[in-house]
file my_file_31.cif (mmCIF, C-alpha atoms)
data_data
#
loop_
_atom_site.label_atom_id
_atom_site.label_comp_id
_atom_site.auth_asym_id
_atom_site.auth_seq_id
_atom_site.Cartn_x
_atom_site.Cartn_y
_atom_site.Cartn_z
CA MET A 1 -29.42 3.54 5.01
CA THR A 2 -28.45 5.89 7.84
CA ILE A 3 -26.05 8.81 7.44
CA TYR A 4 -23.47 6.92 9.54
CA GLN A 5 -23.73 3.86 7.27
CA GLU A 6 -23.38 6.06 4.21
CA LEU A 7 -20.26 7.65 5.66
CA GLN A 8 -18.70 4.18 5.84
CA LEU A 9 -18.99 3.59 2.09
CA ASN A 10 -15.98 3.82 -0.22
CA GLN A 11 -15.83 6.18 -3.20
CA ALA A 12 -17.48 3.76 -5.61
CA GLY A 13 -20.23 2.96 -3.11
CA SER A 14 -20.97 6.63 -2.42
CA LYS A 15 -21.08 7.45 -6.12
CA ALA A 16 -23.41 4.50 -6.73
CA VAL A 17 -25.79 5.85 -4.07
CA ILE A 18 -25.68 9.32 -5.64
CA LYS A 19 -26.30 7.89 -9.11
CA SER A 20 -29.29 5.87 -7.92
CA SER A 21 -31.00 8.91 -6.38
CA LEU A 22 -34.55 9.30 -7.66
CA THR A 23 -34.95 13.05 -7.09
CA GLY A 24 -32.73 16.10 -7.28
CA LYS A 25 -33.18 16.74 -3.55
CA GLU A 26 -32.14 13.20 -2.71
CA LYS A 27 -29.12 13.45 -5.01
CA LEU A 28 -28.08 16.72 -3.39
CA LYS A 29 -28.35 15.14 0.07
CA HIS A 30 -26.17 12.13 -0.84
CA THR A 31 -23.64 14.40 -2.59
CA ALA A 32 -23.39 16.56 0.54
CA ILE A 33 -22.82 13.48 2.71
CA TYR A 34 -20.14 12.26 0.30
CA LEU A 35 -18.30 15.60 0.32
CA PHE A 36 -18.60 15.83 4.11
CA LYS A 37 -17.08 12.36 4.41
CA ILE A 38 -14.11 13.40 2.28
CA PHE A 39 -13.70 16.59 4.31
CA ILE A 40 -13.65 14.93 7.73
CA THR A 41 -11.41 12.14 6.44
CA MET A 42 -8.87 14.61 5.05
CA VAL A 43 -8.94 16.73 8.23
CA PHE A 44 -8.33 13.64 10.35
CA CYS A 45 -5.56 12.36 8.07
CA MET A 46 -3.81 15.72 7.96
CA ALA A 47 -4.06 16.17 11.74
CA PHE A 48 -2.74 12.67 12.36
CA VAL A 49 0.26 12.92 10.02
CA ILE A 50 1.12 16.47 11.13
CA GLY A 51 0.89 15.35 14.76
CA TYR A 52 3.25 12.45 14.08
CA SER A 53 5.67 14.82 12.34
CA LYS A 54 5.63 17.23 15.29
CA ILE A 55 6.30 14.46 17.81
CA PHE A 56 8.72 12.23 15.91
CA GLY A 57 10.30 14.70 13.45
CA ASP A 58 9.47 15.86 9.92
CA ALA A 59 11.68 13.11 8.46
CA ASN A 60 9.31 10.60 10.06
CA SER A 61 6.09 11.98 8.62
CA VAL A 62 6.04 8.82 6.47
CA VAL A 63 5.65 6.82 9.69
CA GLY A 64 2.46 8.75 10.37
CA VAL A 65 1.24 7.85 6.88
CA VAL A 66 2.02 4.14 7.40
CA ILE A 67 0.37 4.04 10.83
CA LEU A 68 -2.68 5.88 9.53
CA LEU A 69 -3.03 3.36 6.70
CA CYS A 70 -2.75 0.44 9.13
CA ILE A 71 -5.33 1.85 11.55
CA MET A 72 -7.82 2.64 8.78
CA VAL A 73 -7.36 -0.72 7.04
CA PHE A 74 -7.32 -2.99 10.08
CA ARG A 75 -10.53 -1.47 11.39
CA PHE A 76 -12.16 -3.76 8.84
CA ALA A 77 -9.51 -6.20 7.58
CA ASP A 78 -8.12 -9.17 9.45
CA PHE A 79 -5.56 -11.91 8.77
CA GLY A 80 -7.95 -14.82 8.38
CA ILE A 81 -6.71 -16.53 11.56
CA TYR A 82 -7.62 -16.74 15.26
CA THR A 83 -7.69 -13.11 16.49
CA PRO A 84 -5.06 -13.42 19.29
CA HIS A 85 -2.72 -15.07 16.76
CA GLY A 86 -3.57 -12.31 14.29
CA LEU A 87 -2.64 -9.73 16.92
CA SER A 88 0.72 -11.47 17.46
CA SER A 89 1.24 -11.48 13.69
CA LEU A 90 0.54 -7.74 13.66
CA PHE A 91 3.30 -7.08 16.19
CA ILE A 92 5.76 -9.25 14.21
CA ILE A 93 4.82 -7.25 11.10
CA PHE A 94 5.57 -3.99 12.90
CA GLY A 95 8.93 -5.44 13.96
CA ILE A 96 9.71 -6.02 10.28
CA LEU A 97 8.62 -2.48 9.41
CA ALA A 98 10.89 -1.15 12.17
CA PHE A 99 14.09 -2.99 11.28
CA GLY A 100 13.75 -4.41 7.75
CA PRO A 101 13.94 -1.18 5.71
CA ARG A 102 16.92 0.07 7.75
CA LEU A 103 18.80 -3.23 7.28
CA ALA A 104 18.05 -3.19 3.54
CA ASN A 105 19.57 0.29 3.24
CA MET A 106 22.67 -0.58 5.26
CA GLY A 107 24.15 -3.15 2.85
CA GLY A 108 25.00 -3.47 -0.82
CA LEU A 109 22.58 -4.52 -3.53
CA PHE A 110 22.90 -8.25 -2.80
CA THR A 111 22.33 -7.77 0.94
CA GLU A 112 19.43 -5.47 0.15
CA LEU A 113 17.90 -8.14 -2.08
CA LEU A 114 18.15 -10.81 0.63
CA VAL A 115 16.66 -8.53 3.28
CA ASN A 116 13.81 -7.46 1.01
CA LEU A 117 13.06 -11.06 0.04
CA ALA A 118 12.95 -12.19 3.66
CA CYS A 119 10.92 -9.25 4.95
CA ILE A 120 8.35 -9.11 2.14
CA PHE A 121 7.90 -12.89 2.29
CA VAL A 122 7.07 -12.78 6.01
CA LEU A 123 4.71 -9.85 5.46
CA MET A 124 2.91 -11.80 2.74
CA LEU A 125 2.82 -15.05 4.73
CA LEU A 126 1.58 -13.60 8.02
CA GLY A 127 -0.55 -10.73 6.75
CA CYS A 128 -1.97 -11.79 3.40
CA HIS A 129 -3.45 -15.24 3.97
CA ASN A 130 -6.94 -13.86 3.49
CA VAL A 131 -6.53 -12.90 -0.16
CA ILE A 132 -9.80 -11.01 -0.42
CA MET A 133 -8.67 -8.45 2.17
CA GLY A 134 -5.84 -7.17 -0.08
CA ASN A 135 -3.61 -6.51 2.94
CA HIS A 136 -0.49 -6.42 0.76
CA SER A 137 -1.57 -2.98 -0.44
CA THR A 138 -1.00 -1.75 3.10
CA LEU A 139 1.80 -3.94 4.46
CA VAL A 140 4.15 -4.10 1.47
CA LEU A 141 3.40 -0.46 0.62
CA GLY A 142 4.28 0.53 4.19
CA TYR A 143 7.53 -1.42 4.02
CA LEU A 144 8.50 0.22 0.72
CA LEU A 145 7.67 3.72 1.96
CA LEU A 146 9.87 3.24 5.03
CA TYR A 147 12.58 1.76 2.81
CA GLY A 148 12.40 4.70 0.39
CA TYR A 149 12.35 7.38 3.09
CA ASP A 150 15.10 5.92 5.25
CA VAL A 151 16.60 7.77 8.23
CA THR A 152 19.60 7.24 10.50
CA GLY A 153 20.90 8.30 13.90
CA LYS A 154 18.51 10.14 16.22
CA MET A 155 15.79 10.22 13.56
CA TYR A 156 15.88 6.42 13.36
CA LEU A 157 15.45 6.12 17.12
CA LEU A 158 12.45 8.44 16.87
CA ARG A 159 11.18 6.28 13.99
CA LEU A 160 11.36 3.20 16.21
CA ALA A 161 9.40 5.06 18.89
CA GLY A 162 6.81 6.20 16.35
CA LEU A 163 6.36 2.68 15.02
CA ALA A 164 6.06 1.29 18.56
CA VAL A 165 3.27 3.75 19.34
CA GLY A 166 1.68 2.91 15.99
CA ALA A 167 1.84 -0.82 16.70
CA LEU A 168 0.04 -0.25 19.99
CA LEU A 169 -2.66 1.94 18.42
CA THR A 170 -3.21 -0.46 15.52
CA GLY A 171 -3.24 -3.44 17.88
CA ILE A 172 -5.94 -1.85 20.04
CA VAL A 173 -8.11 -1.05 17.01
CA PHE A 174 -7.52 -4.50 15.50
CA TYR A 175 -8.38 -6.43 18.66
CA ARG A 176 -11.39 -4.26 19.51
CA ASN A 177 -12.92 -4.72 16.06
CA HIS A 178 -12.12 -8.40 15.53
CA LYS A 179 -12.19 -10.00 18.99
CA HIS A 180 -15.60 -11.56 18.33
CA VAL A 181 -14.67 -12.92 14.89
CA THR A 182 -14.31 -16.70 15.00
CA TYR A 183 -11.54 -18.40 13.04
CA LYS A 184 -10.31 -21.96 13.44
CA ARG A 185 -7.06 -21.26 11.61
CA SER A 186 -3.93 -20.55 13.64
CA TRP A 187 -0.29 -19.78 12.87
CA LYS A 188 0.32 -23.46 12.13
CA ASP A 189 -2.31 -23.39 9.41
CA LEU A 190 -0.49 -20.53 7.64
CA LEU A 191 2.51 -22.84 7.29
CA ARG A 192 0.43 -25.96 6.59
CA GLU A 193 -1.49 -24.24 3.79
CA PHE A 194 1.66 -22.88 2.15
CA ASP A 195 1.64 -24.99 -1.01
CA LEU A 196 2.92 -24.34 -4.53
CA HIS A 197 -0.30 -25.85 -5.87
CA SER A 198 -2.22 -23.05 -4.19
CA MET A 199 -3.06 -19.84 -6.06
CA ARG A 200 -2.55 -17.90 -2.85
CA THR A 201 0.99 -19.24 -2.28
CA ARG A 202 2.01 -18.56 -5.87
CA TRP A 203 0.73 -15.00 -5.57
CA GLN A 204 2.56 -14.46 -2.26
CA LEU A 205 5.82 -15.67 -3.81
CA SER A 206 5.26 -13.66 -6.99
CA VAL A 207 4.86 -10.44 -4.98
CA THR A 208 7.92 -11.30 -2.87
CA PHE A 209 10.25 -12.00 -5.77
CA GLY A 210 8.71 -9.51 -8.21
CA VAL A 211 8.99 -6.50 -5.90
CA SER A 212 12.44 -7.45 -4.57
CA THR A 213 13.95 -8.07 -8.00
CA VAL A 214 12.59 -4.91 -9.63
CA ILE A 215 14.20 -2.90 -6.81
CA LEU A 216 17.42 -4.80 -7.49
CA LEU A 217 17.12 -3.98 -11.21
CA ALA A 218 16.59 -0.29 -10.44
CA GLY A 219 19.65 -0.38 -8.18
CA LEU A 220 21.81 -2.03 -10.83
CA LEU A 221 20.74 0.65 -13.31
CA HIS A 222 21.31 3.41 -10.70
CA ILE A 223 17.73 4.62 -11.05
CA PRO A 224 16.71 6.97 -8.21
CA ARG A 225 13.54 6.39 -6.17
CA ALA A 226 13.64 2.63 -6.71
CA MET A 227 10.76 2.23 -4.26
CA TRP A 228 8.43 3.72 -6.91
CA ALA A 229 9.19 0.79 -9.21
CA GLY A 230 8.63 -1.60 -6.30
CA ILE A 231 5.28 -0.04 -5.44
CA ALA A 232 4.19 -0.16 -9.09
CA ALA A 233 5.13 -3.84 -9.36
CA MET A 234 3.34 -4.63 -6.09
CA SER A 235 0.19 -2.87 -7.26
CA VAL A 236 -0.14 -4.94 -10.45
CA ILE A 237 0.84 -8.36 -9.11
CA LEU A 238 -2.63 -9.36 -7.98
CA PRO A 239 -4.04 -12.75 -6.96
CA PHE A 240 -6.70 -12.68 -9.66
CA HIS A 241 -5.22 -12.69 -13.16
CA GLU A 242 -8.07 -10.76 -14.80
CA ASP A 243 -7.34 -7.76 -12.54
CA VAL A 244 -3.64 -7.48 -13.45
CA LYS A 245 -3.93 -5.92 -16.92
CA THR A 246 -6.64 -3.56 -15.68
CA ARG A 247 -4.24 -2.24 -13.05
CA VAL A 248 -1.44 -1.80 -15.59
CA LYS A 249 -3.77 0.09 -17.94
CA GLY A 250 -4.83 2.35 -15.07
CA ARG A 251 -1.46 2.95 -13.42
CA ILE A 252 0.69 3.84 -16.44
CA PRO A 253 -1.69 6.39 -18.07
CA GLY A 254 -2.56 7.72 -14.62
CA ASN A 255 1.07 8.52 -13.82
CA LEU A 256 1.62 9.98 -17.29
CA ILE A 257 -1.29 12.38 -16.83
CA GLY A 258 -0.27 13.16 -13.25
CA GLY A 259 3.30 13.89 -14.35
CA MET A 260 2.25 16.19 -17.16
CA VAL A 261 -0.13 18.14 -14.93
CA PHE A 262 2.54 18.47 -12.25
CA LEU A 263 5.12 19.63 -14.81
CA LEU A 264 2.78 22.36 -16.04
CA VAL A 265 1.35 23.52 -12.72
CA TYR A 266 4.23 23.25 -10.22
CA PRO A 267 6.40 26.09 -11.67
CA ILE A 268 3.54 28.59 -11.50
CA LEU A 269 2.41 27.73 -7.96
CA PRO A 270 3.43 30.05 -5.10
CA GLU A 271 6.12 28.47 -2.93
CA ALA A 272 3.85 28.68 0.12
CA PHE A 273 1.52 26.18 -1.58
CA TYR A 274 4.18 23.46 -2.05
CA PRO A 275 3.56 21.70 1.32
CA TYR A 276 -0.12 21.30 0.42
CA ILE A 277 0.34 19.59 -2.94
CA GLY A 278 0.11 16.19 -1.30
CA VAL A 279 -3.08 17.26 0.46
CA VAL A 280 -4.64 18.29 -2.85
CA GLY A 281 -3.60 14.94 -4.28
CA GLY A 282 -5.18 13.18 -1.32
CA ILE A 283 -8.45 15.03 -1.86
CA GLY A 284 -8.32 14.02 -5.52
CA VAL A 285 -7.81 10.39 -4.55
CA GLY A 286 -10.77 10.66 -2.21
CA LEU A 287 -12.96 11.95 -5.03
CA SER A 288 -11.81 9.29 -7.52
CA ALA A 289 -13.74 6.06 -7.85
CA THR A 290 -11.45 4.50 -10.50
CA TYR A 291 -7.88 3.29 -10.07
CA GLY A 292 -6.64 5.33 -13.04
CA TRP A 293 -7.70 8.67 -11.57
CA GLN A 294 -6.42 7.62 -8.15
CA ALA A 295 -3.02 7.06 -9.79
CA VAL A 296 -3.15 10.58 -11.27
CA PHE A 297 -3.71 12.32 -7.94
CA ASN A 298 -1.58 9.91 -5.92
CA SER A 299 1.49 10.94 -7.89
CA PHE A 300 1.36 14.62 -6.86
CA GLY A 301 2.62 14.23 -3.30
CA ALA A 302 5.39 11.81 -4.29
CA MET A 303 6.72 14.16 -6.97
CA ALA A 304 6.47 17.18 -4.67
CA ILE A 305 8.76 15.45 -2.17
CA ALA A 306 11.20 14.31 -4.87
CA VAL A 307 11.59 17.80 -6.35
CA SER A 308 14.13 18.79 -3.69
CA ILE A 309 16.31 15.83 -4.74
CA LEU A 310 15.70 15.49 -8.48
CA GLY A 311 14.32 18.87 -9.54
CA VAL A 312 10.95 19.25 -11.27
CA PRO A 313 11.86 17.57 -14.61
CA GLY A 314 13.73 14.76 -12.82
CA ALA A 315 10.89 14.11 -10.37
CA VAL A 316 8.35 13.91 -13.20
CA PHE A 317 10.55 11.80 -15.45
CA PHE A 318 11.51 9.22 -12.85
CA ARG A 319 7.99 9.04 -11.43
CA ILE A 320 6.70 8.13 -14.88
CA PHE A 321 9.68 5.96 -15.84
CA ASN A 322 9.77 4.00 -12.59
CA ASN A 323 6.04 3.35 -12.71
CA ILE A 324 6.23 2.10 -16.28
CA LEU A 325 9.24 -0.03 -15.38
CA GLY A 326 7.57 -1.46 -12.26
CA ALA A 327 4.17 -2.05 -13.83
CA VAL A 328 5.49 -3.70 -17.02
CA TYR A 329 8.08 -5.68 -15.08
CA GLY A 330 5.43 -6.83 -12.60
CA LEU A 331 3.11 -7.92 -15.42
CA ILE A 332 5.83 -9.88 -17.25
CA PHE A 333 7.40 -11.30 -14.09
CA ASN A 334 4.06 -12.50 -12.72
CA HIS A 335 3.23 -14.25 -16.00
CA ILE A 336 6.61 -15.99 -16.23
CA PHE A 337 6.69 -16.86 -12.53
CA GLN A 338 3.18 -18.33 -12.46
CA HIS A 339 3.87 -20.34 -15.62
CA SER A 340 7.20 -21.64 -14.28
CA VAL A 341 5.78 -22.66 -10.91
CA SER A 342 2.89 -24.43 -12.66
CA LYS A 343 5.38 -26.46 -14.69
CA ILE A 344 7.39 -27.34 -11.59
CA SER A 345 4.32 -28.47 -9.63
CA GLU A 346 2.74 -30.47 -12.48
CA PRO A 347 4.96 -33.57 -12.04
CA ALA A 348 4.05 -33.62 -8.34
CA ILE A 349 0.35 -33.56 -9.23
CA GLN A 350 0.69 -36.29 -11.86
CA SER A 351 2.67 -38.57 -9.56
#
call {"tool": "encode", "arguments": {"input": "my_file_31.cif", "output": "structure tokens"}}
result
Amino acid sequence: MTIYQELQLNQAGSKAVIKSSLTGKEKLKHTAIYLFKIFITMVFCMAFVIGYSKIFGDANSVVGVVILLCIMVFRFADFGIYTPHGLSSLFIIFGILAFGPRLANMGGLFTELLVNLACIFVLMLLGCHNVIMGNHSTLVLGYLLLYGYDVTGKMYLLRLAGLAVGALLTGIVFYRNHKHVTYKRSWKDLLREFDLHSMRTRWQLSVTFGVSTVILLAGLLHIPRAMWAGIAAMSVILPFHEDVKTRVKGRIPGNLIGGMVFLLVYPILPEAFYPYIGVVGGIGVGLSATYGWQAVFNSFGAMAIAVSILGVPGAVFFRIFNNILGAVYGLIFNHIFQHSVSKISEPAIQS
């Protein structure tokens, strides 16, 4: 394996290579490559997001995060359909990211529910046909981040510009990396293969309704940062049932530990360090090979942003509460939904 190939590995892959080293010198070499990969990744990510913030405004730094996620993911992932059709789907998806979150925030809870249902369903239908790719972790997450960090007026116009540039950059990367991939499926096949008897379709609908309704529930209860509950539900509603409980067991303890650490450390940190809490969390995520530890470090940046709105105790409490609410709700909702849809489709199978 070359150094370049080793740099392409994920955390678990890099740690497996380090663990399999036969000598101390070899282990030291692979560890150095792993740390170098994390360093250059974090430098690139920071530069990209900071650059987006400078160009499109600090309130739109989340756009930089979403675009960065899309570029990094769609270097390797595709939509499981003919590449030109996949590229068209990508631009439709960016249209939803541009207008859906703003429309959801403009109306009351019922309007918000309808908008979220429609937008998340289209994201799942167009972008998540290839279940193995796990594209929902990028597309639905991006939608929820833009929904949770909404802007208006001039900042919204800058957001549209930032997303347009991001769509172009992601489209170039997507087409360049997948233009030689051969798929016989087209847009029509996405609709033709939408079937309640299909595990994929049931999962797509479960994510759509599960995420949208938990946000509605949080709104009815006047719980701040409802997007956290939506993200938690999205993260545990997975296409393979055996993975669901594992995610719940990792996410809830991870956020509890992350919240407690943040509550203890944040008050003693110098104020000049506050903007870098998210960066430290990102480095921690990069070093973590398990979902539980990723959840610990991933919570730091979110709570640091929420402190200005909720205060330190409020940010910690609602981060933990919303994640428990979303994860447990997602687990229960997915079980009930899958069971109900199975019952509905059984007569059709028997007939």
call {"tool": "closest_residue", "arguments": {"input": "my_file_31.cif", "among": "A:Ala98, A:Ile305, A:Val73, A:Ile81", "to": "Val181 in chain A", "atoms": "all atoms listed in the file"}}
result
A:Ile81
call {"tool": "resolve_selection", "arguments": {"input": "my_file_31.cif", "expression": "the PyMOL selection byres ((chain A and resi 128) around 12)", "output": "VMD selection string"}}
result
chain A and resid 77 to 81 86 89 to 90 93 120 to 127 129 to 140 190 194 200 to 201 203 to 205 207 to 208 238 to 239
call {"tool": "residues_near_point", "arguments": {"input": "my_file_31.cif", "point": "(-2.3, 0.9, 17.6)", "cutoff": "12 Å", "atoms": "all atoms listed in the file", "output": "PDB file with C-alpha atoms, in the frame of the given file"}}
result
ATOM      1  CA  GLY A  64       2.460   8.750  10.370  1.00  0.00           C
ATOM      2  CA  VAL A  66       2.020   4.140   7.400  1.00  0.00           C
ATOM      3  CA  ILE A  67       0.370   4.040  10.830  1.00  0.00           C
ATOM      4  CA  LEU A  68      -2.680   5.880   9.530  1.00  0.00           C
ATOM      5  CA  LEU A  69      -3.030   3.360   6.700  1.00  0.00           C
ATOM      6  CA  CYS A  70      -2.750   0.440   9.130  1.00  0.00           C
ATOM      7  CA  ILE A  71      -5.330   1.850  11.550  1.00  0.00           C
ATOM      8  CA  MET A  72      -7.820   2.640   8.780  1.00  0.00           C
ATOM      9  CA  VAL A  73      -7.360  -0.720   7.040  1.00  0.00           C
ATOM     10  CA  PHE A  74      -7.320  -2.990  10.080  1.00  0.00           C
ATOM     11  CA  ARG A  75     -10.530  -1.470  11.390  1.00  0.00           C
ATOM     12  CA  LEU A  87      -2.640  -9.730  16.920  1.00  0.00           C
ATOM     13  CA  LEU A  90       0.540  -7.740  13.660  1.00  0.00           C
ATOM     14  CA  PHE A  91       3.300  -7.080  16.190  1.00  0.00           C
ATOM     15  CA  PHE A  94       5.570  -3.990  12.900  1.00  0.00           C
ATOM     16  CA  GLY A 162       6.810   6.200  16.350  1.00  0.00           C
ATOM     17  CA  LEU A 163       6.360   2.680  15.020  1.00  0.00           C
ATOM     18  CA  ALA A 164       6.060   1.290  18.560  1.00  0.00           C
ATOM     19  CA  VAL A 165       3.270   3.750  19.340  1.00  0.00           C
ATOM     20  CA  GLY A 166       1.680   2.910  15.990  1.00  0.00           C
ATOM     21  CA  ALA A 167       1.840  -0.820  16.700  1.00  0.00           C
ATOM     22  CA  LEU A 168       0.040  -0.250  19.990  1.00  0.00           C
ATOM     23  CA  LEU A 169      -2.660   1.940  18.420  1.00  0.00           C
ATOM     24  CA  THR A 170      -3.210  -0.460  15.520  1.00  0.00           C
ATOM     25  CA  GLY A 171      -3.240  -3.440  17.880  1.00  0.00           C
ATOM     26  CA  ILE A 172      -5.940  -1.850  20.040  1.00  0.00           C
ATOM     27  CA  VAL A 173      -8.110  -1.050  17.010  1.00  0.00           C
ATOM     28  CA  PHE A 174      -7.520  -4.500  15.500  1.00  0.00           C
ATOM     29  CA  TYR A 175      -8.380  -6.430  18.660  1.00  0.00           C
ATOM     30  CA  ARG A 176     -11.390  -4.260  19.510  1.00  0.00           C
TER      31      ARG A 176
END
call {"tool": "residues_around", "arguments": {"input": "my_file_31.cif", "residues": "Leu325 in chain A", "least_positions_apart": "2", "cutoff": "9 Å", "atoms": "only C-alpha atoms", "output": "number ranges by chain"}}
result
A: 214, 218, 229, 232-233, 320-323, 327-330
call {"tool": "residues_around", "arguments": {"input": "my_file_31.cif", "residues": "Leu146 in chain A", "least_positions_apart": "4", "cutoff": "10 Å", "atoms": "all atoms listed in the file", "output": "list in words"}}
result
Asn60, Val62, Val63, Val65, Val66, Leu97, Ala98, Phe99, Gly100, Pro101, Arg102, Val140, Leu141, Gly142, Asp150, Val151, Arg159 and Met227 of chain A
call {"tool": "closest_residue", "arguments": {"input": "my_file_31.cif", "among": "A:Ser342, A:Tyr276, A:Ile50, A:Ile55", "to": "Leu196 in chain A", "atoms": "all atoms listed in the file"}}
result
A:Ser342
call {"tool": "closest_residue", "arguments": {"input": "my_file_31.cif", "among": "A:Tyr52, A:Leu22, A:Glu6, A:Thr83", "to": "Thr182 in chain A", "atoms": "all atoms listed in the file"}}
result
A:Thr83
call {"tool": "resolve_selection", "arguments": {"input": "my_file_31.cif", "expression": "the PyMOL selection byres ((chain A and resi 112) around 12)", "output": "MDAnalysis selection string"}}
result
chainID A and resid 100:111 113:120 147 212:217 219:220
call {"tool": "write_last_selection", "arguments": {"input": "my_file_31.cif", "atoms": "C-alpha atoms", "output": "tab-separated table (two decimals), in the frame of the given file"}}
result
chain	number	residue	atom	x	y	z
A	100	GLY	CA	13.75	-4.41	7.75
A	101	PRO	CA	13.94	-1.18	5.71
A	102	ARG	CA	16.92	0.07	7.75
A	103	LEU	CA	18.80	-3.23	7.28
A	104	ALA	CA	18.05	-3.19	3.54
A	105	ASN	CA	19.57	0.29	3.24
A	106	MET	CA	22.67	-0.58	5.26
A	107	GLY	CA	24.15	-3.15	2.85
A	108	GLY	CA	25.00	-3.47	-0.82
A	109	LEU	CA	22.58	-4.52	-3.53
A	110	PHE	CA	22.90	-8.25	-2.80
A	111	THR	CA	22.33	-7.77	0.94
A	113	LEU	CA	17.90	-8.14	-2.08
A	114	LEU	CA	18.15	-10.81	0.63
A	115	VAL	CA	16.66	-8.53	3.28
A	116	ASN	CA	13.81	-7.46	1.01
A	117	LEU	CA	13.06	-11.06	0.04
A	118	ALA	CA	12.95	-12.19	3.66
A	119	CYS	CA	10.92	-9.25	4.95
A	120	ILE	CA	8.35	-9.11	2.14
A	147	TYR	CA	12.58	1.76	2.81
A	212	SER	CA	12.44	-7.45	-4.57
A	213	THR	CA	13.95	-8.07	-8.00
A	214	VAL	CA	12.59	-4.91	-9.63
A	215	ILE	CA	14.20	-2.90	-6.81
A	216	LEU	CA	17.42	-4.80	-7.49
A	217	LEU	CA	17.12	-3.98	-11.21
A	219	GLY	CA	19.65	-0.38	-8.18
A	220	LEU	CA	21.81	-2.03	-10.83
call {"tool": "atom_distance", "arguments": {"input": "my_file_31.cif", "atom1": "CA of Val236 in chain A", "atom2": "CA of Gly250 in chain A"}}
result
9.8 Å
call {"tool": "residues_around", "arguments": {"input": "my_file_31.cif", "residues": "Ile18 in chain A", "least_positions_apart": "2", "cutoff": "8 Å", "atoms": "all atoms listed in the file", "output": "tab-separated table (two decimals) with C-alpha atoms, in the frame of the given file"}}
result
chain	number	residue	atom	x	y	z
A	14	SER	CA	-20.97	6.63	-2.42
A	15	LYS	CA	-21.08	7.45	-6.12
A	16	ALA	CA	-23.41	4.50	-6.73
A	20	SER	CA	-29.29	5.87	-7.92
A	21	SER	CA	-31.00	8.91	-6.38
A	27	LYS	CA	-29.12	13.45	-5.01
A	30	HIS	CA	-26.17	12.13	-0.84
A	31	THR	CA	-23.64	14.40	-2.59
call {"tool": "closest_residue", "arguments": {"input": "my_file_31.cif", "among": "A:Ile237, A:Met199, A:Ile231, A:Ala161", "to": "Asn334 in chain A", "atoms": "all atoms listed in the file"}}
result
A:Ile237
call {"tool": "resolve_selection", "arguments": {"input": "my_file_31.cif", "expression": "the PyMOL selection byres ((chain A and resi 256) around 10)", "output": "PyMOL selection string"}}
result
chain A and resi 251-255+257-262+295-296+299+316-317+319-321+323-324
call {"tool": "atom_distance", "arguments": {"input": "my_file_31.cif", "atom1": "CA of Gly51 in chain A", "atom2": "CA of Ser308 in chain A"}}
result
23.0 Å
call {"tool": "atom_distance", "arguments": {"input": "my_file_31.cif", "atom1": "CA of Ser61 in chain A", "atom2": "CA of Ala226 in chain A"}}
result
19.5 Å
